[in-house]
Amino acid sequence: MNFMNNLYWCLSIATEPVNIFVCFLGVFIGTIAGVLPGLGATTCIVLLLPATYGLSPTSAIIMLAGIYYGAMYGGSTTSILLNIPGEGSSMITCLDGYQMAKQGKAGPALSIAAIGSFIAGTFSVVMIMIIGPVLAEVALKFGPPEIFAITFLGMILVTYLGRGSMLKGLIMAAVGLMLSYIGTDSMSAKERYVFHIISLKDGIGFLPIMMGLFGIAEVLSNLEKKFTEGEIFKTTNGHFLPNKKELKDSSGPIARGTLVGFALGLIPGGGGILSSLVSYTMEKKLSKYPEKFGTGVIEGVAGPETANNAGAGGSFVPLLTLGFPCHVAMAALLAALMIHGVTPGPLLYKDHPDMFWGVIGSMYIGNVLLLMLNLPLIGLWVKLLKTPYLILFPMIFLFCLIGSYSLNSNIFDVAMTVLFGVIGYLMRKFEYEPAPLIMALILGPMFEVALRQSLIMSNGSPLIFLFRPISSVFIIISCILLFSPFLLKYFGRRRPGLLKEGGDEF
Amino acid sequence: MTAVEEVAIMRHLDMVSSLFWFMIGTVYCIISLEYGLFDSGMPDAGLLPLIAGLTLTILSITVFINAVKKKNENLKFKFFPEIDSWKKVSVSVLALITYMILMQHLGFIGTTFLFMLFLLIFFSQPRRWIFIIVVSFLTVVSFQIVLVTFLKVQLPRGIFGM
């Protein structure tokens, strides 16, 4: 009964005309962001955040959330047609999707990706409705030790699950923390690392940094190479929709991908690439013909794309209930919530139920819109892929510069964007991932305040983190993850690298 | 590129980057001492920065040691993948910095038009002047309509009031 009441409430908010419009706008822009390589959901959210200032907080988050899961849908298009993932999480789809396109089966591949994504998205929304309120109630019991432990675990997990060296990931996390401490200390009011620069008194905003690290750095990296156009396959060469056999073969991977993807989406660093990789590996292991994977099997598209979208839905749960971002795109949404004056966390459910249920309701509508958009408009997305990068890249620069200026009408923010754009470019050269830096930058203040409050509660004893059951579990898991690569290396095994052959050294 | 070549290149890059992070971490730690580490037995403003800075310093030393232990192949490596990559990146960064400086003086419209013009002139081969001017103009118009007129984003007008 409660479920039905919640369903009715969330749909009533989501079906307000302005919310339907912004949801449509969000999923449309998100699909474009997913289709165009080099743009991506996170960059798009960060770039368009200033454009949401005129909207209500609920409408703003609906639009930005739409961009995120829209990009998950759109990313499969370039993976299948061009062998270039529009979104990082669609990388796995390239393996079989592109092969299917070469065999003239691009239509069924694209259709199955869209259908699987729709099923995964719908499942995620139902699960959020069931789990969300329960988790929010549990999170209300969290005190400073639990908040410290979960932020610590979040930073370690994002580092552990990253693609690069864990040592470098930890360096990035340390740098992110260091950047977060610039400004006025909230507990003692002392100015730290301000050096008499007035703009630094409030700290360095994470949005200019994100625009630099993701927007400008990405473009600078792409500019190094020649502008080339890949071969785009025809979408239809016979039937466009999957036939009965293809649907039957896809049903198992879709079902499994939904469950696996959603579960992984709940943990920090777990959604996106990890969901699709785990699904692909699982389908390959379960298949009667594993040797066919990589040659163009529909299971190799159905499973990963479904898991990818289920993971995207799952990652909303910690954000909406705990105020905790699982990855960088969620961190951008967290920033959006804060800019609109909404404090994310367990109280979001109690203090802003319209936003909580409105976002969930809009995901139902968004999923339907995406299915309607992705199938008939394939031709439009293909045309969009032909947009010369020569025109696209200056616009991305402009979005970053104007976006950062519009935050506070302060040229200092623009300077930070440019500076971190150059730093981000150099980071890519030296193979440092930006995700741990961003997570630490956003979680840093919460991390510090929770630590200091916990030590005040315990009169300076650090054992408080081990005496409380929830925080002790998180701390122990964090320590295991932190030291396991070193121990594995010592005993002659390697940490499984996510997409790098042979794993990484610690 | 073979795995051996890749390892050798990363060796060089890791040595350079770890030295950089070591310097940053050390300076950060030294400055953190000014803010006080403890106040009546409780952590003060400088404690967590000191811990973060020390963590960075120690990790950078570890990366440096790992890099030194790798086999020295004495390979020449290219930092930029193509011969003119450094020019493209430098020119783009210069354009960004110039945009930032000029934006408040010339205003959004003038600066954006010049920015687009400059980048399209530099990057388009062959140069089609009508295409360059039309695209620059349309970009300014579309940004003005979408951002300023519809979304009411406040952008600088500059000395010409544009």
# chains A, B, ... in the order shown; residues from 1 in each chain; ligands from 1

call {"tool": "residues_around", "arguments": {"residues": "region 280-289 of chain A", "least_positions_apart": "6", "cutoff": "10 Å", "atoms": "only C-alpha atoms", "output": "PyMOL selection string"}}
result
chain A and resi 92-93+95+252-253+256-257+260+274+297+299-305+307

call {"tool": "interface_residues", "arguments": {"of": "chain A", "to": "chain B", "cutoff": "8 Å", "atoms": "only C-alpha atoms", "output": "MDAnalysis selection string"}}
result
chainID A and resid 50:52 54 167:168 170:171 174:175 177:178 181 185 187:188 190 192:193 220 223:225 390:391 394:395 397:398 401:402 405:406 409 411 414:415 418 422 429:430 448 452 455:456 459:460

call {"tool": "residues_around", "arguments": {"residues": "Pro242 (chain A)", "least_positions_apart": "2", "cutoff": "8 Å", "atoms": "only C-alpha atoms", "output": "PyMOL selection string"}}
result
chain A and resi 107-109+111-112+239-240+244-247

call {"tool": "atom_distance", "arguments": {"atom1": "CA of Phe467 (chain A)", "atom2": "CA of Ile442 (chain A)"}}
result
27.0 Å

call {"tool": "residues_around", "arguments": {"residues": "region 4-16 of chain A", "least_positions_apart": "5", "cutoff": "6 Å", "atoms": "only C-alpha atoms", "output": "PyMOL selection string"}}
result
chain A and resi 357-358+361-362

call {"tool": "write_last_selection", "arguments": {"atoms": "all heavy atoms", "output": "PDB file, in the first residue's frame"}}
result
ATOM      1  N   TRP A 357      11.082  11.941  -4.453  1.00  0.00           N
ATOM      2  CA  TRP A 357      10.128  11.155  -5.249  1.00  0.00           C
ATOM      3  C   TRP A 357      10.001  11.694  -6.674  1.00  0.00           C
ATOM      4  O   TRP A 357       9.748  10.931  -7.605  1.00  0.00           O
ATOM      5  CB  TRP A 357       8.762  11.110  -4.569  1.00  0.00           C
ATOM      6  CG  TRP A 357       8.818  10.354  -3.275  1.00  0.00           C
ATOM      7  CD1 TRP A 357       8.667  10.849  -2.017  1.00  0.00           C
ATOM      8  CD2 TRP A 357       9.085   8.953  -3.119  1.00  0.00           C
ATOM      9  NE1 TRP A 357       8.823   9.854  -1.077  1.00  0.00           N
ATOM     10  CE2 TRP A 357       9.084   8.686  -1.716  1.00  0.00           C
ATOM     11  CE3 TRP A 357       9.329   7.903  -4.005  1.00  0.00           C
ATOM     12  CZ2 TRP A 357       9.307   7.410  -1.196  1.00  0.00           C
ATOM     13  CZ3 TRP A 357       9.557   6.633  -3.484  1.00  0.00           C
ATOM     14  CH2 TRP A 357       9.537   6.402  -2.100  1.00  0.00           C
ATOM     15  N   GLY A 358      10.200  12.994  -6.816  1.00  0.00           N
ATOM     16  CA  GLY A 358      10.133  13.578  -8.162  1.00  0.00           C
ATOM     17  C   GLY A 358      11.221  13.029  -9.065  1.00  0.00           C
ATOM     18  O   GLY A 358      10.966  12.697 -10.233  1.00  0.00           O
ATOM     19  N   GLY A 361      10.307   9.405  -9.883  1.00  0.00           N
ATOM     20  CA  GLY A 361       9.217   9.371 -10.855  1.00  0.00           C
ATOM     21  C   GLY A 361       9.684   9.749 -12.244  1.00  0.00           C
ATOM     22  O   GLY A 361       9.281   9.154 -13.243  1.00  0.00           O
ATOM     23  N   SER A 362      10.587  10.751 -12.303  1.00  0.00           N
ATOM     24  CA  SER A 362      11.068  11.208 -13.612  1.00  0.00           C
ATOM     25  C   SER A 362      11.888  10.118 -14.280  1.00  0.00           C
ATOM     26  O   SER A 362      11.987  10.088 -15.509  1.00  0.00           O
ATOM     27  CB  SER A 362      11.910  12.474 -13.460  1.00  0.00           C
ATOM     28  OG  SER A 362      13.163  12.170 -12.908  1.00  0.00           O
TER      29      SER A 362
END

call {"tool": "decode", "arguments": {"residues": "region 59-151 of chain B", "atoms": "C-alpha atoms", "output": "PDB file, in the first residue's frame"}}
result
ATOM      1  CA  LEU B  59      53.468   7.824  -1.823  1.00  0.00           C
ATOM      2  CA  SER B  60      55.584   9.899  -4.209  1.00  0.00           C
ATOM      3  CA  ILE B  61      58.764   8.394  -2.743  1.00  0.00           C
ATOM      4  CA  THR B  62      57.256   4.918  -3.259  1.00  0.00           C
ATOM      5  CA  VAL B  63      56.417   5.679  -6.888  1.00  0.00           C
ATOM      6  CA  PHE B  64      59.942   7.019  -7.406  1.00  0.00           C
ATOM      7  CA  ILE B  65      61.526   3.885  -5.933  1.00  0.00           C
ATOM      8  CA  ASN B  66      59.255   1.646  -8.058  1.00  0.00           C
ATOM      9  CA  ALA B  67      60.259   3.630 -11.150  1.00  0.00           C
ATOM     10  CA  VAL B  68      63.973   3.403 -10.369  1.00  0.00           C
ATOM     11  CA  LYS B  69      63.697  -0.377  -9.913  1.00  0.00           C
ATOM     12  CA  LYS B  70      62.312  -0.777 -13.462  1.00  0.00           C
ATOM     13  CA  LYS B  71      64.778  -1.745 -16.150  1.00  0.00           C
ATOM     14  CA  ASN B  72      66.492   1.182 -17.824  1.00  0.00           C
ATOM     15  CA  GLU B  73      66.016   0.808 -21.570  1.00  0.00           C
ATOM     16  CA  ASN B  74      67.422   4.226 -22.497  1.00  0.00           C
ATOM     17  CA  LEU B  75      64.581   4.740 -24.905  1.00  0.00           C
ATOM     18  CA  LYS B  76      63.820   8.027 -26.527  1.00  0.00           C
ATOM     19  CA  PHE B  77      60.138   8.600 -26.198  1.00  0.00           C
ATOM     20  CA  LYS B  78      57.786  11.115 -27.692  1.00  0.00           C
ATOM     21  CA  PHE B  79      55.801  13.124 -25.176  1.00  0.00           C
ATOM     22  CA  PHE B  80      53.547  14.285 -27.994  1.00  0.00           C
ATOM     23  CA  PRO B  81      52.144  11.651 -30.379  1.00  0.00           C
ATOM     24  CA  GLU B  82      52.462  13.763 -33.538  1.00  0.00           C
ATOM     25  CA  ILE B  83      54.980  16.275 -34.761  1.00  0.00           C
ATOM     26  CA  ASP B  84      52.749  19.307 -34.360  1.00  0.00           C
ATOM     27  CA  SER B  85      50.804  18.171 -31.284  1.00  0.00           C
ATOM     28  CA  TRP B  86      52.702  20.513 -28.974  1.00  0.00           C
ATOM     29  CA  LYS B  87      51.758  23.454 -31.200  1.00  0.00           C
ATOM     30  CA  LYS B  88      48.065  22.550 -31.177  1.00  0.00           C
ATOM     31  CA  VAL B  89      47.977  22.169 -27.400  1.00  0.00           C
ATOM     32  CA  SER B  90      50.023  25.325 -26.731  1.00  0.00           C
ATOM     33  CA  VAL B  91      47.928  27.433 -29.077  1.00  0.00           C
ATOM     34  CA  SER B  92      44.717  26.172 -27.488  1.00  0.00           C
ATOM     35  CA  VAL B  93      45.964  26.940 -23.982  1.00  0.00           C
ATOM     36  CA  LEU B  94      47.087  30.387 -25.124  1.00  0.00           C
ATOM     37  CA  ALA B  95      43.647  30.981 -26.635  1.00  0.00           C
ATOM     38  CA  LEU B  96      41.990  29.961 -23.365  1.00  0.00           C
ATOM     39  CA  ILE B  97      44.176  32.288 -21.306  1.00  0.00           C
ATOM     40  CA  THR B  98      43.611  35.164 -23.723  1.00  0.00           C
ATOM     41  CA  TYR B  99      39.856  34.564 -23.621  1.00  0.00           C
ATOM     42  CA  MET B 100      39.933  34.685 -19.850  1.00  0.00           C
ATOM     43  CA  ILE B 101      41.848  37.990 -19.838  1.00  0.00           C
ATOM     44  CA  LEU B 102      39.858  39.691 -22.583  1.00  0.00           C
ATOM     45  CA  MET B 103      36.390  38.532 -21.504  1.00  0.00           C
ATOM     46  CA  GLN B 104      35.895  41.242 -18.917  1.00  0.00           C
ATOM     47  CA  HIS B 105      37.257  43.988 -21.159  1.00  0.00           C
ATOM     48  CA  LEU B 106      35.745  43.158 -24.540  1.00  0.00           C
ATOM     49  CA  GLY B 107      32.650  41.405 -23.239  1.00  0.00           C
ATOM     50  CA  PHE B 108      31.233  38.000 -24.022  1.00  0.00           C
ATOM     51  CA  ILE B 109      30.178  38.583 -27.641  1.00  0.00           C
ATOM     52  CA  GLY B 110      33.394  40.169 -28.899  1.00  0.00           C
ATOM     53  CA  THR B 111      35.693  37.779 -27.083  1.00  0.00           C
ATOM     54  CA  THR B 112      33.759  34.687 -28.121  1.00  0.00           C
ATOM     55  CA  PHE B 113      33.746  35.723 -31.781  1.00  0.00           C
ATOM     56  CA  LEU B 114      37.496  36.362 -31.753  1.00  0.00           C
ATOM     57  CA  PHE B 115      38.107  33.096 -29.891  1.00  0.00           C
ATOM     58  CA  MET B 116      36.168  31.037 -32.444  1.00  0.00           C
ATOM     59  CA  LEU B 117      37.790  32.885 -35.322  1.00  0.00           C
ATOM     60  CA  PHE B 118      41.279  32.292 -33.956  1.00  0.00           C
ATOM     61  CA  LEU B 119      40.813  28.575 -33.279  1.00  0.00           C
ATOM     62  CA  LEU B 120      39.096  27.872 -36.595  1.00  0.00           C
ATOM     63  CA  ILE B 121      41.783  29.767 -38.512  1.00  0.00           C
ATOM     64  CA  PHE B 122      44.541  27.830 -36.775  1.00  0.00           C
ATOM     65  CA  PHE B 123      42.979  24.375 -36.904  1.00  0.00           C
ATOM     66  CA  SER B 124      41.123  24.246 -40.201  1.00  0.00           C
ATOM     67  CA  GLN B 125      43.021  22.844 -43.143  1.00  0.00           C
ATOM     68  CA  PRO B 126      42.382  24.059 -45.815  1.00  0.00           C
ATOM     69  CA  ARG B 127      41.167  27.444 -44.601  1.00  0.00           C
ATOM     70  CA  ARG B 128      37.701  28.281 -45.825  1.00  0.00           C
ATOM     71  CA  TRP B 129      37.186  31.867 -44.755  1.00  0.00           C
ATOM     72  CA  ILE B 130      33.458  32.067 -45.333  1.00  0.00           C
ATOM     73  CA  PHE B 131      32.931  28.853 -43.365  1.00  0.00           C
ATOM     74  CA  ILE B 132      35.122  30.165 -40.530  1.00  0.00           C
ATOM     75  CA  ILE B 133      33.336  33.512 -40.290  1.00  0.00           C
ATOM     76  CA  VAL B 134      29.858  31.995 -40.566  1.00  0.00           C
ATOM     77  CA  VAL B 135      30.523  29.322 -37.931  1.00  0.00           C
ATOM     78  CA  SER B 136      32.048  31.890 -35.559  1.00  0.00           C
ATOM     79  CA  PHE B 137      29.095  34.207 -36.013  1.00  0.00           C
ATOM     80  CA  LEU B 138      26.511  31.431 -35.597  1.00  0.00           C
ATOM     81  CA  THR B 139      28.246  30.169 -32.459  1.00  0.00           C
ATOM     82  CA  VAL B 140      28.083  33.582 -30.841  1.00  0.00           C
ATOM     83  CA  VAL B 141      24.451  34.042 -31.822  1.00  0.00           C
ATOM     84  CA  SER B 142      23.373  30.616 -30.580  1.00  0.00           C
ATOM     85  CA  PHE B 143      25.214  30.969 -27.279  1.00  0.00           C
ATOM     86  CA  GLN B 144      23.733  34.440 -26.807  1.00  0.00           C
ATOM     87  CA  ILE B 145      20.210  33.197 -27.476  1.00  0.00           C
ATOM     88  CA  VAL B 146      20.437  30.014 -25.417  1.00  0.00           C
ATOM     89  CA  LEU B 147      22.487  31.216 -22.461  1.00  0.00           C
ATOM     90  CA  VAL B 148      21.660  34.886 -22.113  1.00  0.00           C
ATOM     91  CA  THR B 149      18.132  35.208 -23.521  1.00  0.00           C
ATOM     92  CA  PHE B 150      16.611  31.875 -22.459  1.00  0.00           C
ATOM     93  CA  LEU B 151      18.645  30.843 -19.446  1.00  0.00           C
TER      94      LEU B 151
END
